[in-house]
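Enquirer: I'd like to ask you about the structure that follows.
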Amino acid sequence: MLDEKIEPFYDEVVRRNPGEVEYHQAVREVVDSLGPVLAKHPRFAERKIIERICEPERQIIFRVPWIDDDGEVHINRGYRVEVNSALGPYKGGLRFHPSVNLGIVKFLGFEQVFKNALTGMPIGGGKGGSDFDPKGRSDDEVMRFCQSFMTELYRHIGEYTDVPAGDVGVGGREIGYLFGQYKRITNRYESGALTGKGLEWGGALVRTEATGYGTALFAREMLAARETDLEGRTCVVSGSGNVAIYAIEKLQQLGAEVVACSDSNGVVHDPDGVDVALLKRIKEVERARLDRYVEHRPAATHRRGGSIWEVPCHIALPCATQNELTGHDAKTLVDNGCIAVAEGANMPTTPEGIRVFHDAGVAFGPGKAANAGGVATSALEMQQNASRDRWTFEHTEGRLDEIMTGIHGLCFETAEEFGSPGNYVVGANIAAFERVAHAMVAFGLI
Ligand code: NDP
Ligand code: 2IT
């Protein structure tokens, strides 16, 4: 049930954005927390801050034609939604996946605004992508697609305007092709226009690892707040992409045992502990499917279909995609003794799942807080680019750790201050909203 003062905002968002169910879900989860903030700052309601945040500053949709290796022409749709620039240039990833549509890009951009505010770095929020499916495509096909995509996108981005990065289906290879085309069209070596760049040409150490590492660090902090730790804890991490791989690596470094991961085809259960080096080789070098993992690990099993959340664990990290952890899955996790959940993916837990975790007293770290390490390290990459400097791995990882610990503390304390102790969803939404709202009030009606 939504607060009666908040319900009209939500109803209006649904009316103005028909059919965009993920966007409605993301908005609802945030506005649901905001009743106490509006009571504390009447100016926010007067200036219609919520209504303004829910209407993106700019939405760009464009045609992306490209030609495959057999000479056939394909047409995809490209998106960039620039949601809010109160705290800095729009910042957020690009997703290449066949499921991408305007509602998905808007939900991701909306989440990004609040996530970026929590980092304390000077970055606004946006998101983009395409319904292009990179799976099974050659490097040359991916290159031609990226060049065509950037041939339109370049006019909308820039160091002081909008700074894209990776997300699902967009990693170092794609950022390379995108940056190459941007540089060519603009005739500027503008490193600050994209993040997630290669280490040889303006990228930052730790950016690749940052989202997964940060999510594991957030789990560490949630456990520390309950006077316990990760040592010897059994963990399950869904996905096997960028976020999942480095979440597993950091969990293991912190003494946990990770026994399962997944992709969209199935679940790997490895009771001896997931072999991260093998996972990296299969996913990052060979770009193969996860079932190949069991060819090298006799004790491991691969199951097609089914839910990874049936594997018993103390700590669960959903790191694949939105709405991958349902109310039913949450009940299974709770029944099996799960005590903490940190979201590496964006909005992976359904509203019903979140309710189950809160009711059971599970420590639940929402994505906009728990996975903010990726974008925070993108901001550190921008900082290095701006000062033409290059930091060591240790220094950058130290900054990431400070930022994640800081975000945890901010969410924890804000939840207490606003009467919902232990509720990181409320803490994250309120702390982030206050930062964005104060800046919007300061700028006047724009
Ligand atoms: P990758 O493309 O590297 O990996 C995605 C993983 O999730 C793969 O294992 C993929 O399986 C699985 N997956 C993706 N989409 C679906 C789907 N619709 N259904 C089932 N499985 C799916 O992406 P990332 O690891 O970068 O991103 C994972 C999540 O983390 C996303 O929610 C993203 O928005 C979020 N995130 C990413 C950040 C980053 O810096 N990269 C930062 C913060 C959040 P398969 O290979 O079979 O498709
Ligand atoms: O969802 C996210 O935070 C990202 N995909 C990373 C965005 C970024 O700009 O680094």
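Residue numbering restarts at 1 in every chain; chains get A, B, ... in the order shown in the structure tokens, and ligands count up from 1 in that same order.
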Do a neighbour search on Glu200 in chain A at 12 Å with only C-alpha atoms, toss out local chain neighbours closer than 5 positions, and write the hits as a list in words.

Expert: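 Residues meeting the cut-off are Gly172, Gly176, Ser191, Leu205 and Arg390 of chain A.
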
Enquirer: Which residues are near ligand 1 in this structure, taking near to mean any atom at most 7 Å from a ligand atom and counting only C-alpha atoms and all ligand atoms? Format them as a ChimeraX atom specification.

Expert: /A:99,166-171,211,239-244,262-265,289,319-322,344-346,348,371-372,374-375

Enquirer: Can you work out which one of A:Ala39, A:Met150, A:Ala300, A:Ile61 has the shortest atom-to-atom distance to Val268 in chain A, counting only C-alpha atoms?

Expert: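 Counting only C-alpha atoms, the residue closest to Val268 in chain A is A:Ala300.
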
Enquirer: Quick one: everything within 9 Å of Asp69 in chain A, counting only C-alpha atoms, minus sequence neighbours fewer than 4 positions away in the same chain. Send it as a PDB file with C-alpha atoms, in the first residue's frame.

Expert:
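Full text of part06.pdb as output:
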ATOM      1  CA  ARG A 137      28.234 -12.391 -33.595  1.00  0.00           C
ATOM      2  CA  SER A 138      31.818 -12.098 -34.885  1.00  0.00           C
ATOM      3  CA  ASP A 140      33.717  -7.587 -37.025  1.00  0.00           C
ATOM      4  CA  GLU A 141      29.929  -7.668 -36.766  1.00  0.00           C
TER       5      GLU A 141
END

Enquirer: Using the chain letters and numbers from this document, which residues of range 270-440 of chain A does DSSP assign to alpha helix (DSSP H), as a PyMOL selection string?

Expert: chain A and resi 276-280+293-296+327-335+351-359+367-370+373-386+393-417+424-440

Enquirer: Please list as number ranges by chain every residue within 12 Å of Arg184 in chain A, counting only C-alpha atoms and excluding residues in the same chain fewer than 6 positions away.

Expert: A: 147, 150-151, 154, 177-178, 190

Enquirer: Chain A near ligand 2 within 9 Å: what's each residue's closest atom pair and its distance in Å to one decimal, counting only C-alpha atoms and all ligand atoms, ordered by chain then ascending residue number, as a Markdown table?

Expert:
| residue | atom | partner | partner_atom_place_in_ligand_line | distance |
| --- | --- | --- | --- | --- |
| A:Tyr90 | CA | ligand 2 | 9 (O) | 8.9 |
| A:Lys91 | CA | ligand 2 | 9 (O) | 5.1 |
| A:Gly92 | CA | ligand 2 | 9 (O) | 3.6 |
| A:Gly93 | CA | ligand 2 | 7 (C) | 4.1 |
| A:Leu94 | CA | ligand 2 | 5 (N) | 6.9 |
| A:Arg95 | CA | ligand 2 | 5 (N) | 7.8 |
| A:Leu108 | CA | ligand 2 | 1 (O) | 6.9 |
| A:Gly109 | CA | ligand 2 | 1 (O) | 8.4 |
| A:Glu111 | CA | ligand 2 | 1 (O) | 8.1 |
| A:Gln112 | CA | ligand 2 | 3 (O) | 6.2 |
| A:Lys115 | CA | ligand 2 | 3 (O) | 7.3 |
| A:Asn116 | CA | ligand 2 | 3 (O) | 7.8 |
| A:Gly125 | CA | ligand 2 | 9 (O) | 8.6 |
| A:Gly126 | CA | ligand 2 | 9 (O) | 8.5 |
| A:Lys127 | CA | ligand 2 | 7 (C) | 8.0 |
| A:Val163 | CA | ligand 2 | 9 (O) | 6.9 |
| A:Pro164 | CA | ligand 2 | 9 (O) | 5.6 |
| A:Ala165 | CA | ligand 2 | 9 (O) | 4.6 |
| A:Gly166 | CA | ligand 2 | 5 (N) | 5.4 |
| A:Asp167 | CA | ligand 2 | 5 (N) | 4.1 |
| A:Val168 | CA | ligand 2 | 5 (N) | 7.4 |
| A:Val170 | CA | ligand 2 | 5 (N) | 9.0 |
| A:Leu194 | CA | ligand 2 | 9 (O) | 8.2 |
| A:Thr195 | CA | ligand 2 | 10 (O) | 6.4 |
| A:Gly196 | CA | ligand 2 | 10 (O) | 6.9 |
| A:Arg207 | CA | ligand 2 | 10 (O) | 8.1 |
| A:Thr211 | CA | ligand 2 | 6 (C) | 7.7 |
| A:Ala345 | CA | ligand 2 | 1 (O) | 7.5 |
| A:Asn346 | CA | ligand 2 | 1 (O) | 6.4 |
| A:Gly367 | CA | ligand 2 | 1 (O) | 8.6 |
| A:Lys368 | CA | ligand 2 | 3 (O) | 7.8 |
| A:Asn371 | CA | ligand 2 | 3 (O) | 6.7 |
| A:Ala372 | CA | ligand 2 | 3 (O) | 5.9 |
| A:Gly373 | CA | ligand 2 | 3 (O) | 7.8 |
| A:Gly374 | CA | ligand 2 | 10 (O) | 5.2 |
| A:Val375 | CA | ligand 2 | 10 (O) | 3.6 |
| A:Ala376 | CA | ligand 2 | 10 (O) | 7.0 |
| A:Thr377 | CA | ligand 2 | 10 (O) | 7.0 |
| A:Ser378 | CA | ligand 2 | 10 (O) | 4.7 |
| A:Ala379 | CA | ligand 2 | 10 (O) | 7.6 |

Enquirer: What's the separation between CA of Phe44 in chain A and CA of Val441 in chain A, in Å to one decimal place?

Expert: 7.4 Å

Enquirer: Produce a table with one row for each residue of range 142-190 of chain A that has an atom at most 10 Å from any atom of range 130-134 of chain A, each row naming the nearest atom pair and its distance in Å at one decimal; use only C-alpha atoms; arrange rows by chain and rising residue number; format as a tab-separated table.

Expert:
residue	atom	partner	partner_atom	distance
A:Val142	CA	A:Pro134	CA	6.6
A:Phe145	CA	A:Phe132	CA	8.3
A:Cys146	CA	A:Phe132	CA	10.0
A:Phe149	CA	A:Ser130	CA	8.6
A:Gly169	CA	A:Pro134	CA	6.7
A:Val170	CA	A:Pro134	CA	8.8
A:Glu174	CA	A:Pro134	CA	9.8

Enquirer: Please indicate the distance in Å from CA of Tyr246 in chain A to CA of Gly212 in chain A, rounded to one decimal place.

Expert: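 Result for CA of Tyr246 in chain A versus CA of Gly212 in chain A: 4.5 Å, one decimal.
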